[in-house]
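Asker: Here you go, this is start.cif (mmCIF, C-alpha atoms).
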data_final
#
loop_
_atom_site.group_PDB
_atom_site.id
_atom_site.type_symbol
_atom_site.label_atom_id
_atom_site.label_comp_id
_atom_site.auth_asym_id
_atom_site.auth_seq_id
_atom_site.Cartn_x
_atom_site.Cartn_y
_atom_site.Cartn_z
ATOM 1 C CA MET A 239 -35.250 6.603 -7.034
ATOM 2 C CA ALA A 240 -38.829 7.258 -5.999
ATOM 3 C CA PHE A 241 -39.606 3.534 -5.983
ATOM 4 C CA LEU A 242 -36.529 2.800 -3.860
ATOM 5 C CA SER A 243 -37.537 5.528 -1.415
ATOM 6 C CA TYR A 244 -41.054 4.083 -1.134
ATOM 7 C CA LEU A 245 -39.585 0.603 -0.638
ATOM 8 C CA ILE A 246 -37.396 1.765 2.245
ATOM 9 C CA ASN A 247 -40.319 3.593 3.866
ATOM 10 C CA GLY A 248 -42.386 0.429 3.480
ATOM 11 C CA LEU A 249 -39.698 -1.611 5.213
ATOM 12 C CA SER A 250 -39.662 0.936 8.043
ATOM 13 C CA LEU A 251 -43.427 0.760 8.536
ATOM 14 C CA GLY A 252 -43.355 -3.009 8.091
ATOM 15 C CA SER A 253 -40.701 -3.260 10.805
ATOM 16 C CA VAL A 254 -43.159 -1.762 13.296
ATOM 17 C CA TYR A 255 -45.880 -4.171 12.159
ATOM 18 C CA ALA A 256 -43.403 -7.053 12.473
ATOM 19 C CA ILE A 257 -42.527 -6.209 16.084
ATOM 20 C CA ILE A 258 -46.206 -6.027 17.043
ATOM 21 C CA ALA A 259 -46.949 -9.215 15.086
ATOM 22 C CA LEU A 260 -44.293 -11.093 17.072
ATOM 23 C CA GLY A 261 -46.443 -10.672 20.179
ATOM 24 C CA TYR A 262 -49.508 -12.066 18.424
ATOM 25 C CA THR A 263 -47.674 -15.023 16.930
ATOM 26 C CA MET A 264 -45.841 -15.969 20.161
ATOM 27 C CA VAL A 265 -49.049 -16.081 22.190
ATOM 28 C CA TYR A 266 -50.881 -18.036 19.511
ATOM 29 C CA GLY A 267 -47.973 -20.395 18.925
ATOM 30 C CA ILE A 268 -47.767 -21.397 22.599
ATOM 31 C CA ALA A 269 -51.151 -20.672 24.195
ATOM 32 C CA LYS A 270 -53.169 -21.252 20.978
ATOM 33 C CA MET A 271 -55.214 -18.104 21.593
ATOM 34 C CA LEU A 272 -55.547 -14.739 19.881
ATOM 35 C CA ASN A 273 -54.843 -11.843 22.232
ATOM 36 C CA PHE A 274 -56.776 -9.053 20.550
ATOM 37 C CA ALA A 275 -55.880 -6.739 23.454
ATOM 38 C CA HIS A 276 -52.251 -6.746 22.278
ATOM 39 C CA GLY A 277 -52.651 -3.511 20.305
ATOM 40 C CA ASP A 278 -54.099 -1.786 23.365
ATOM 41 C CA ILE A 279 -51.227 -2.976 25.545
ATOM 42 C CA MET A 280 -49.024 -1.257 22.970
ATOM 43 C CA MET A 281 -51.136 1.890 23.391
ATOM 44 C CA VAL A 282 -50.532 1.863 27.167
ATOM 45 C CA GLY A 283 -46.808 1.548 26.496
ATOM 46 C CA ALA A 284 -46.959 4.608 24.242
ATOM 47 C CA TYR A 285 -48.633 6.672 26.975
ATOM 48 C CA VAL A 286 -46.083 5.549 29.577
ATOM 49 C CA ALA A 287 -43.217 6.552 27.281
ATOM 50 C CA PHE A 288 -44.949 9.862 26.502
ATOM 51 C CA PHE A 289 -45.270 10.863 30.156
ATOM 52 C CA ALA A 290 -41.795 9.568 30.987
ATOM 53 C CA LEU A 291 -40.372 11.836 28.284
ATOM 54 C CA ASN A 292 -42.598 14.866 28.828
ATOM 55 C CA SER A 293 -43.553 14.921 32.515
ATOM 56 C CA PHE A 294 -40.513 13.297 34.113
ATOM 57 C CA GLY A 295 -37.937 14.445 31.588
ATOM 58 C CA LEU A 296 -36.307 11.020 31.298
ATOM 59 C CA PRO A 297 -33.963 10.278 28.387
ATOM 60 C CA VAL A 298 -35.225 8.118 25.533
ATOM 61 C CA ILE A 299 -33.718 4.767 26.539
ATOM 62 C CA PRO A 300 -34.872 4.888 30.220
ATOM 63 C CA SER A 301 -38.326 5.939 28.988
ATOM 64 C CA VAL A 302 -38.491 2.951 26.642
ATOM 65 C CA LEU A 303 -37.286 0.606 29.393
ATOM 66 C CA LEU A 304 -39.914 1.982 31.805
ATOM 67 C CA SER A 305 -42.571 1.530 29.129
ATOM 68 C CA MET A 306 -41.411 -2.062 28.568
ATOM 69 C CA LEU A 307 -41.545 -2.760 32.310
ATOM 70 C CA VAL A 308 -45.104 -1.436 32.602
ATOM 71 C CA THR A 309 -46.403 -3.319 29.548
ATOM 72 C CA THR A 310 -44.640 -6.508 30.666
ATOM 73 C CA CYS A 311 -46.363 -6.356 34.052
ATOM 74 C CA LEU A 312 -49.663 -5.434 32.392
ATOM 75 C CA GLY A 313 -49.424 -8.410 30.029
ATOM 76 C CA VAL A 314 -48.777 -10.820 32.916
ATOM 77 C CA VAL A 315 -51.662 -9.382 34.971
ATOM 78 C CA ILE A 316 -54.070 -9.645 32.029
ATOM 79 C CA GLU A 317 -53.013 -13.227 31.388
ATOM 80 C CA ARG A 318 -53.454 -14.219 35.036
ATOM 81 C CA LEU A 319 -56.794 -12.472 35.586
ATOM 82 C CA ALA A 320 -58.520 -12.745 32.198
ATOM 83 C CA TYR A 321 -57.038 -15.671 30.277
ATOM 84 C CA LYS A 322 -55.733 -18.201 32.791
ATOM 85 C CA PRO A 323 -59.249 -19.036 34.144
ATOM 86 C CA LEU A 324 -60.268 -19.791 30.543
ATOM 87 C CA ARG A 325 -57.445 -22.233 29.823
ATOM 88 C CA GLN A 326 -59.905 -25.076 29.153
ATOM 89 C CA ALA A 327 -62.675 -22.890 27.717
ATOM 90 C CA THR A 328 -63.757 -22.741 24.095
ATOM 91 C CA SER A 329 -61.985 -20.498 21.598
ATOM 92 C CA LEU A 330 -65.076 -18.303 21.348
ATOM 93 C CA SER A 331 -65.028 -17.587 25.093
ATOM 94 C CA VAL A 332 -61.369 -16.593 24.939
ATOM 95 C CA LEU A 333 -62.004 -14.411 21.892
ATOM 96 C CA ILE A 334 -64.872 -12.550 23.576
ATOM 97 C CA THR A 335 -62.739 -12.062 26.692
ATOM 98 C CA ALA A 336 -59.876 -10.652 24.609
ATOM 99 C CA ILE A 337 -62.229 -8.162 22.954
ATOM 100 C CA GLY A 338 -63.554 -7.205 26.403
ATOM 101 C CA VAL A 339 -60.028 -6.605 27.702
ATOM 102 C CA SER A 340 -59.320 -4.459 24.638
ATOM 103 C CA TYR A 341 -62.336 -2.228 25.307
ATOM 104 C CA PHE A 342 -61.453 -2.095 29.009
ATOM 105 C CA LEU A 343 -57.956 -0.784 28.223
ATOM 106 C CA GLN A 344 -59.229 1.748 25.686
ATOM 107 C CA ASN A 345 -61.855 3.167 28.027
ATOM 108 C CA GLY A 346 -59.467 3.081 30.964
ATOM 109 C CA ALA A 347 -57.013 5.144 28.910
ATOM 110 C CA GLN A 348 -59.753 7.661 28.123
ATOM 111 C CA LEU A 349 -60.587 8.025 31.815
ATOM 112 C CA LEU A 350 -56.942 8.398 32.829
ATOM 113 C CA TRP A 351 -55.598 10.534 29.991
ATOM 114 C CA SER A 352 -58.761 11.838 28.236
ATOM 115 C CA SER A 353 -59.691 11.168 24.631
ATOM 116 C CA SER A 354 -57.895 14.239 23.300
ATOM 117 C CA THR A 355 -54.908 13.545 21.086
ATOM 118 C CA LYS A 356 -51.380 14.310 22.256
ATOM 119 C CA VAL A 357 -48.280 14.990 20.211
ATOM 120 C CA PHE A 358 -45.486 12.531 20.896
ATOM 121 C CA PRO A 359 -42.112 14.267 21.280
ATOM 122 C CA SER A 360 -39.366 13.784 18.723
ATOM 123 C CA ILE A 361 -36.902 11.188 20.023
ATOM 124 C CA ILE A 362 -34.601 10.712 17.025
ATOM 125 C CA SER A 363 -32.695 13.332 15.058
ATOM 126 C CA SER A 364 -34.526 14.537 11.978
ATOM 127 C CA GLY A 365 -31.417 14.190 9.801
ATOM 128 C CA ALA A 366 -30.989 11.788 6.911
ATOM 129 C CA ILE A 367 -28.349 9.934 4.963
ATOM 130 C CA LYS A 368 -28.140 11.197 1.385
ATOM 131 C CA LEU A 369 -27.252 8.800 -1.421
ATOM 132 C CA PHE A 370 -26.862 9.169 -5.188
ATOM 133 C CA GLY A 371 -26.134 12.871 -4.947
ATOM 134 C CA GLY A 372 -29.078 13.528 -2.660
ATOM 135 C CA GLN A 373 -31.647 11.858 -4.889
ATOM 136 C CA LEU A 374 -32.274 9.212 -2.223
ATOM 137 C CA GLN A 375 -32.590 10.227 1.416
ATOM 138 C CA ILE A 376 -32.961 7.722 4.251
ATOM 139 C CA SER A 377 -33.947 9.289 7.555
ATOM 140 C CA TYR A 378 -32.247 8.303 10.789
ATOM 141 C CA LEU A 379 -35.659 7.268 12.140
ATOM 142 C CA THR A 380 -36.083 4.790 9.280
ATOM 143 C CA LEU A 381 -32.642 3.294 9.893
ATOM 144 C CA VAL A 382 -33.240 2.995 13.642
ATOM 145 C CA THR A 383 -36.668 1.399 13.123
ATOM 146 C CA ILE A 384 -35.342 -1.260 10.738
ATOM 147 C CA ALA A 385 -32.281 -1.905 12.928
ATOM 148 C CA VAL A 386 -34.407 -2.307 16.083
ATOM 149 C CA CYS A 387 -36.753 -4.724 14.293
ATOM 150 C CA ILE A 388 -33.824 -6.880 13.142
ATOM 151 C CA ALA A 389 -32.294 -6.780 16.639
ATOM 152 C CA VAL A 390 -35.583 -7.825 18.278
ATOM 153 C CA MET A 391 -36.034 -10.632 15.753
ATOM 154 C CA VAL A 392 -32.494 -11.950 16.246
ATOM 155 C CA CYS A 393 -32.642 -11.762 20.057
ATOM 156 C CA LEU A 394 -36.031 -13.473 20.151
ATOM 157 C CA THR A 395 -34.874 -16.235 17.805
ATOM 158 C CA LEU A 396 -31.734 -16.846 19.874
ATOM 159 C CA PHE A 397 -33.778 -16.856 23.075
ATOM 160 C CA ILE A 398 -36.236 -19.437 21.778
ATOM 161 C CA ASN A 399 -33.617 -21.677 20.173
ATOM 162 C CA LYS A 400 -30.750 -21.449 22.662
ATOM 163 C CA THR A 401 -32.227 -21.118 26.179
ATOM 164 C CA LYS A 402 -33.995 -23.626 28.418
ATOM 165 C CA THR A 403 -37.029 -21.371 28.682
ATOM 166 C CA GLY A 404 -37.145 -21.111 24.900
ATOM 167 C CA MET A 405 -36.947 -24.893 24.579
ATOM 168 C CA ALA A 406 -39.798 -25.157 27.088
ATOM 169 C CA MET A 407 -41.813 -22.724 24.968
ATOM 170 C CA ARG A 408 -41.269 -24.880 21.895
ATOM 171 C CA ALA A 409 -42.279 -27.971 23.851
ATOM 172 C CA CYS A 410 -45.490 -26.315 25.071
ATOM 173 C CA SER A 411 -46.232 -25.228 21.525
ATOM 174 C CA GLU A 412 -45.964 -28.824 20.288
ATOM 175 C CA ASP A 413 -47.859 -30.592 23.086
ATOM 176 C CA LYS A 414 -48.825 -29.047 26.421
ATOM 177 C CA GLY A 415 -49.786 -32.407 27.914
ATOM 178 C CA ALA A 416 -46.453 -34.016 27.082
ATOM 179 C CA ALA A 417 -44.620 -30.901 28.277
ATOM 180 C CA THR A 418 -46.398 -31.114 31.629
ATOM 181 C CA LEU A 419 -45.420 -34.773 31.991
ATOM 182 C CA MET A 420 -41.806 -33.789 31.374
ATOM 183 C CA GLY A 421 -41.919 -31.393 34.331
ATOM 184 C CA ILE A 422 -42.502 -28.117 32.478
ATOM 185 C CA ASN A 423 -44.724 -25.589 34.254
ATOM 186 C CA VAL A 424 -47.023 -24.705 31.352
ATOM 187 C CA ASN A 425 -48.760 -21.850 33.184
ATOM 188 C CA ARG A 426 -45.397 -20.228 33.933
ATOM 189 C CA ILE A 427 -44.289 -20.571 30.308
ATOM 190 C CA ILE A 428 -47.498 -18.978 29.048
ATOM 191 C CA SER A 429 -47.040 -16.077 31.494
ATOM 192 C CA ILE A 430 -43.461 -15.592 30.270
ATOM 193 C CA THR A 431 -44.733 -15.584 26.689
ATOM 194 C CA PHE A 432 -47.246 -12.845 27.502
ATOM 195 C CA ALA A 433 -44.536 -10.903 29.330
ATOM 196 C CA ILE A 434 -42.136 -11.000 26.367
ATOM 197 C CA GLY A 435 -44.819 -10.192 23.803
ATOM 198 C CA SER A 436 -46.133 -7.276 25.861
ATOM 199 C CA GLY A 437 -42.632 -5.965 26.521
ATOM 200 C CA ILE A 438 -41.667 -5.776 22.860
ATOM 201 C CA ALA A 439 -45.048 -4.150 22.126
ATOM 202 C CA ALA A 440 -43.756 -1.102 24.034
ATOM 203 C CA VAL A 441 -40.779 -0.917 21.665
ATOM 204 C CA ALA A 442 -43.148 -0.969 18.701
ATOM 205 C CA ALA A 443 -45.292 1.722 20.366
ATOM 206 C CA VAL A 444 -42.380 4.129 20.705
ATOM 207 C CA LEU A 445 -41.237 3.533 17.105
ATOM 208 C CA LEU A 446 -44.797 3.966 15.810
ATOM 209 C CA CYS A 447 -45.272 7.221 17.723
ATOM 210 C CA ALA A 448 -41.884 8.469 16.546
ATOM 211 C CA THR A 449 -43.077 7.913 12.961
ATOM 212 C CA TYR A 450 -46.683 9.099 13.446
ATOM 213 C CA PRO A 451 -46.559 11.372 16.536
ATOM 214 C CA THR A 452 -50.306 11.531 17.222
ATOM 215 C CA LEU A 453 -51.183 9.716 20.454
ATOM 216 C CA SER A 454 -54.732 8.708 21.474
ATOM 217 C CA PRO A 455 -56.507 5.851 23.340
ATOM 218 C CA THR A 456 -57.337 4.242 19.982
ATOM 219 C CA LEU A 457 -53.700 4.248 18.877
ATOM 220 C CA GLY A 458 -53.380 0.464 18.914
ATOM 221 C CA SER A 459 -56.575 -0.375 17.029
ATOM 222 C CA MET A 460 -55.568 -0.150 13.367
ATOM 223 C CA PRO A 461 -51.863 -1.014 13.807
ATOM 224 C CA GLY A 462 -52.967 -3.952 15.966
ATOM 225 C CA ILE A 463 -55.306 -5.244 13.268
ATOM 226 C CA LYS A 464 -52.650 -4.813 10.587
ATOM 227 C CA ALA A 465 -50.028 -6.535 12.755
ATOM 228 C CA PHE A 466 -52.424 -9.433 13.302
ATOM 229 C CA THR A 467 -52.918 -9.494 9.538
ATOM 230 C CA ALA A 468 -49.133 -9.610 9.132
ATOM 231 C CA ALA A 469 -48.921 -12.548 11.559
ATOM 232 C CA VAL A 470 -51.573 -14.441 9.586
ATOM 233 C CA PHE A 471 -49.945 -13.403 6.313
ATOM 234 C CA GLY A 472 -46.586 -14.850 7.361
ATOM 235 C CA GLY A 473 -48.066 -17.866 9.127
ATOM 236 C CA ILE A 474 -49.597 -17.443 12.585
ATOM 237 C CA GLY A 475 -47.396 -19.127 15.161
ATOM 238 C CA SER A 476 -44.209 -18.693 13.117
ATOM 239 C CA ILE A 477 -41.760 -16.052 14.375
ATOM 240 C CA PRO A 478 -39.918 -15.741 11.016
ATOM 241 C CA GLY A 479 -43.354 -15.629 9.401
ATOM 242 C CA ALA A 480 -44.415 -12.666 11.563
ATOM 243 C CA PHE A 481 -41.198 -10.870 10.626
ATOM 244 C CA LEU A 482 -41.631 -11.538 6.899
ATOM 245 C CA GLY A 483 -45.365 -10.807 6.967
ATOM 246 C CA GLY A 484 -44.840 -7.479 8.730
ATOM 247 C CA LEU A 485 -42.210 -6.302 6.260
ATOM 248 C CA MET A 486 -44.277 -7.349 3.241
ATOM 249 C CA LEU A 487 -47.416 -5.732 4.636
ATOM 250 C CA GLY A 488 -45.613 -2.431 5.194
ATOM 251 C CA VAL A 489 -44.185 -2.445 1.669
ATOM 252 C CA ILE A 490 -47.567 -3.282 0.123
ATOM 253 C CA GLU A 491 -49.261 -0.497 2.105
ATOM 254 C CA ILE A 492 -46.739 2.208 1.169
ATOM 255 C CA LEU A 493 -46.610 1.198 -2.514
ATOM 256 C CA SER A 494 -50.415 1.129 -2.624
ATOM 257 C CA LYS A 495 -50.583 4.662 -1.224
ATOM 258 C CA ALA A 496 -47.923 5.884 -3.644
ATOM 259 C CA TYR A 497 -49.103 4.289 -6.888
ATOM 260 C CA ILE A 498 -52.800 3.475 -6.483
ATOM 261 C CA SER A 499 -54.789 5.325 -3.819
ATOM 262 C CA THR A 500 -54.299 6.501 -0.256
ATOM 263 C CA GLN A 501 -57.947 5.777 0.529
ATOM 264 C CA LEU A 502 -57.811 2.257 -0.936
ATOM 265 C CA SER A 503 -54.455 1.199 0.561
ATOM 266 C CA ASP A 504 -55.992 -0.633 3.521
ATOM 267 C CA ALA A 505 -58.456 -2.447 1.268
ATOM 268 C CA ILE A 506 -55.594 -3.505 -1.006
ATOM 269 C CA VAL A 507 -53.604 -4.832 1.970
ATOM 270 C CA PHE A 508 -56.487 -7.004 3.158
ATOM 271 C CA THR A 509 -57.264 -8.132 -0.388
ATOM 272 C CA VAL A 510 -53.692 -9.371 -0.771
ATOM 273 C CA LEU A 511 -54.080 -11.245 2.514
ATOM 274 C CA ILE A 512 -57.259 -12.943 1.277
ATOM 275 C CA VAL A 513 -55.554 -13.978 -1.960
ATOM 276 C CA VAL A 514 -52.556 -15.414 -0.077
ATOM 277 C CA LEU A 515 -54.790 -17.382 2.287
ATOM 278 C CA LEU A 516 -56.810 -18.762 -0.617
ATOM 279 C CA ILE A 517 -53.602 -20.021 -2.214
ATOM 280 C CA LYS A 518 -51.804 -21.029 0.996
ATOM 281 C CA PRO A 519 -54.183 -21.126 4.008
ATOM 282 C CA THR A 520 -51.357 -21.610 6.525
ATOM 283 C CA GLY A 521 -49.649 -18.374 5.474
ATOM 284 C CA LEU A 522 -46.279 -17.950 3.813
ATOM 285 C CA LEU A 523 -44.199 -19.801 6.420
ATOM 286 C CA GLY A 524 -46.912 -21.567 8.393
ATOM 287 C CA ARG A 525 -46.978 -25.318 8.898
ATOM 288 C CA LYS A 526 -49.922 -27.562 8.159
ATOM 289 C CA LEU A 527 -50.707 -29.654 11.215
ATOM 290 C CA ASN A 528 -52.372 -33.039 10.919
ATOM 291 C CA GLU A 529 -54.591 -33.853 13.904
ATOM 292 C CA LYS A 530 -55.728 -37.340 14.851
ATOM 293 C CA VAL A 531 -59.410 -37.623 15.675
#
Rewrite the coordinates I just gave you, this time as structure tokens.
Answerer:
Amino acid sequence: MAFLSYLINGLSLGSVYAIIALGYTMVYGIAKMLNFAHGDIMMVGAYVAFFALNSFGLPVIPSVLLSMLVTTCLGVVIERLAYKPLRQATSLSVLITAIGVSYFLQNGAQLLWSSSTKVFPSIISSGAIKLFGGQLQISYLTLVTIAVCIAVMVCLTLFINKTKTGMAMRACSEDKGAATLMGINVNRIISITFAIGSGIAAVAAVLLCATYPTLSPTLGSMPGIKAFTAAVFGGIGSIPGAFLGGLMLGVIEILSKAYISTQLSDAIVFTVLIVVLLIKPTGLLGRKLNEKV
């Protein structure tokens, strides 16, 4: 039963990584850039939800919606001010800019809310479902986290496959030049992509803080790196790949902590990533693209 309990906890943690990874993989899949400020946008969403719950006394769902609204607007503003002018720049320039935006958000959070840690309030009942005569207990938080991840994944997949905007996103991902010739506003599609990715980052922020209730300006750093790892693990640019990579990464991390070493769990996670990329450089569900030169 212990293994099954660890597996479920791994799926819960992996669900959070998967939601964050969706933002990374969407932006890369369409804009072909790595937004390393994504984890810090998530951190801002966590602070917004924290103050909405504590200072304004809002219920959980309105607090999450407010957090999503703020991060959505923040993602669009960052894209317009920091990334849009670099649309034709080299990948290195975009990467350096993304790192700069990340540090800007972290230091801005320290100035606004101080560097002292805050305790995120409990938003989900602490009860649990007991199975096998109480030998296996699944907390309500774990169930909600996994359910929200599946719901986000399904909604995002339906949006991309069934709506005109989603079709435009797929067209921009394949060939921006051809998409422009077909009348698609590429800049608008990229802004929408940032908006969606930043919005769902707020959902991940609330779930992460509900699981680990310590809140600080560096909240998004390690989860952001691990979510990026999950996106690469599953195949950067692939939405199902981000989902699968996040779940697998969470399971590997929890099992490593349980059976090997808490201190070495992160090293084991990144080692597994290196091994996967050596065997399959495109990730588990990534596609190999042939470019004409």
Asker: If I take atom CA of A:Ala389 and atom CA of A:Gly404, how far is one from the other in Å, to one decimal?
Answerer: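 Distance reported for this atom pair: 17.2 Å.
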Asker: Using only C-alpha atoms, list the residues that have an atom at most 6 Å from (-41.9, 10.7, 25.0), coordinates as in the file, as number ranges by chain.
Answerer: A: 287-288, 291-292, 358-359
Asker: Once the PyMOL selection byres ((chain A and resi 319-328) around 12) has been applied to the shown file, what residues remain in the selection, as a ChimeraX atom specification?
Answerer: /A:265,269-275,312-318,329-340,342,414,424-429,432
Asker: Which polymer residues have any atom within 12 Å of an atom of A:Thr403, counting all atoms listed in the file, with same-chain residues fewer than 3 positions away left out, as JSON, numbers by chain?
Answerer: {"A": [394, 396, 397, 398, 399, 400, 406, 407, 408, 409, 410, 422, 423, 424, 426, 427, 428, 429, 430, 431, 434]}
Asker: So how far away is atom CA of A:Leu453 from atom CA of A:Leu374, in Å?
Answerer: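 Separation of atom CA of A:Leu374 and atom CA of A:Leu453: 29.5 Å.
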Asker: Would you pick out the contacts of stretch 491-503 of chain A at 6 Å or less, using only C-alpha atoms, so that residues sharing its chain but fewer than 3 positions from it are not included, and give the list as a ChimeraX atom specification?
Answerer: /A:248,488,506
Asker: Run the PyMOL selection byres ((chain A and resi 344-349) around 12) against the file shown and list the residues it catches, as a ChimeraX atom specification.
Answerer: /A:275-286,337-343,350-355,453-459
Asker: Using only C-alpha atoms, pick whichever of A:Gly421, A:Gly261, A:Pro300, A:Gly462 has the shortest atom-to-atom distance to A:Phe481.
Answerer: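 Using only C-alpha atoms, the shortest distance to A:Phe481 belongs to A:Gly261.
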Asker: Using all atoms listed in the file, find the one residue out of A:Ile438, A:Val444, A:Leu304, A:Met460 that sits nearest to A:Ile258.
Answerer: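 Of A:Ile438, A:Val444, A:Leu304, A:Met460, the one nearest A:Ile258 is A:Ile438, counting all atoms listed in the file.
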Asker: For atom CA of A:Asn247 and atom CA of A:Gly484, determine how far apart the two atoms are, in Å to one decimal place.
Answerer: 12.9 Å
Asker: Under the rule that only C-alpha atoms are counted, which of A:Ser253, A:Thr309, A:Thr380, A:Thr449 is the nearest residue to A:Gly435?
Answerer: A:Thr309
Asker: Once the PyMOL selection byres ((chain A and resi 263) around 7) has been evaluated on this model, what residues remain selected, and can you format them as a short mmCIF file (atom, residue, chain, number, x, y, z; two decimals) with C-alpha atoms, in the frame of the given file?
Answerer:
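Final file, expr-v1.cif:
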data_model
loop_
_atom_site.label_atom_id
_atom_site.label_comp_id
_atom_site.auth_asym_id
_atom_site.auth_seq_id
_atom_site.Cartn_x
_atom_site.Cartn_y
_atom_site.Cartn_z
CA ALA A 259 -46.95 -9.22 15.09
CA LEU A 260 -44.29 -11.09 17.07
CA GLY A 261 -46.44 -10.67 20.18
CA TYR A 262 -49.51 -12.07 18.42
CA MET A 264 -45.84 -15.97 20.16
CA VAL A 265 -49.05 -16.08 22.19
CA TYR A 266 -50.88 -18.04 19.51
CA GLY A 267 -47.97 -20.40 18.92
CA ALA A 469 -48.92 -12.55 11.56
CA ILE A 474 -49.60 -17.44 12.58
CA GLY A 475 -47.40 -19.13 15.16
CA SER A 476 -44.21 -18.69 13.12
CA ILE A 477 -41.76 -16.05 14.38
CA ALA A 480 -44.42 -12.67 11.56
#
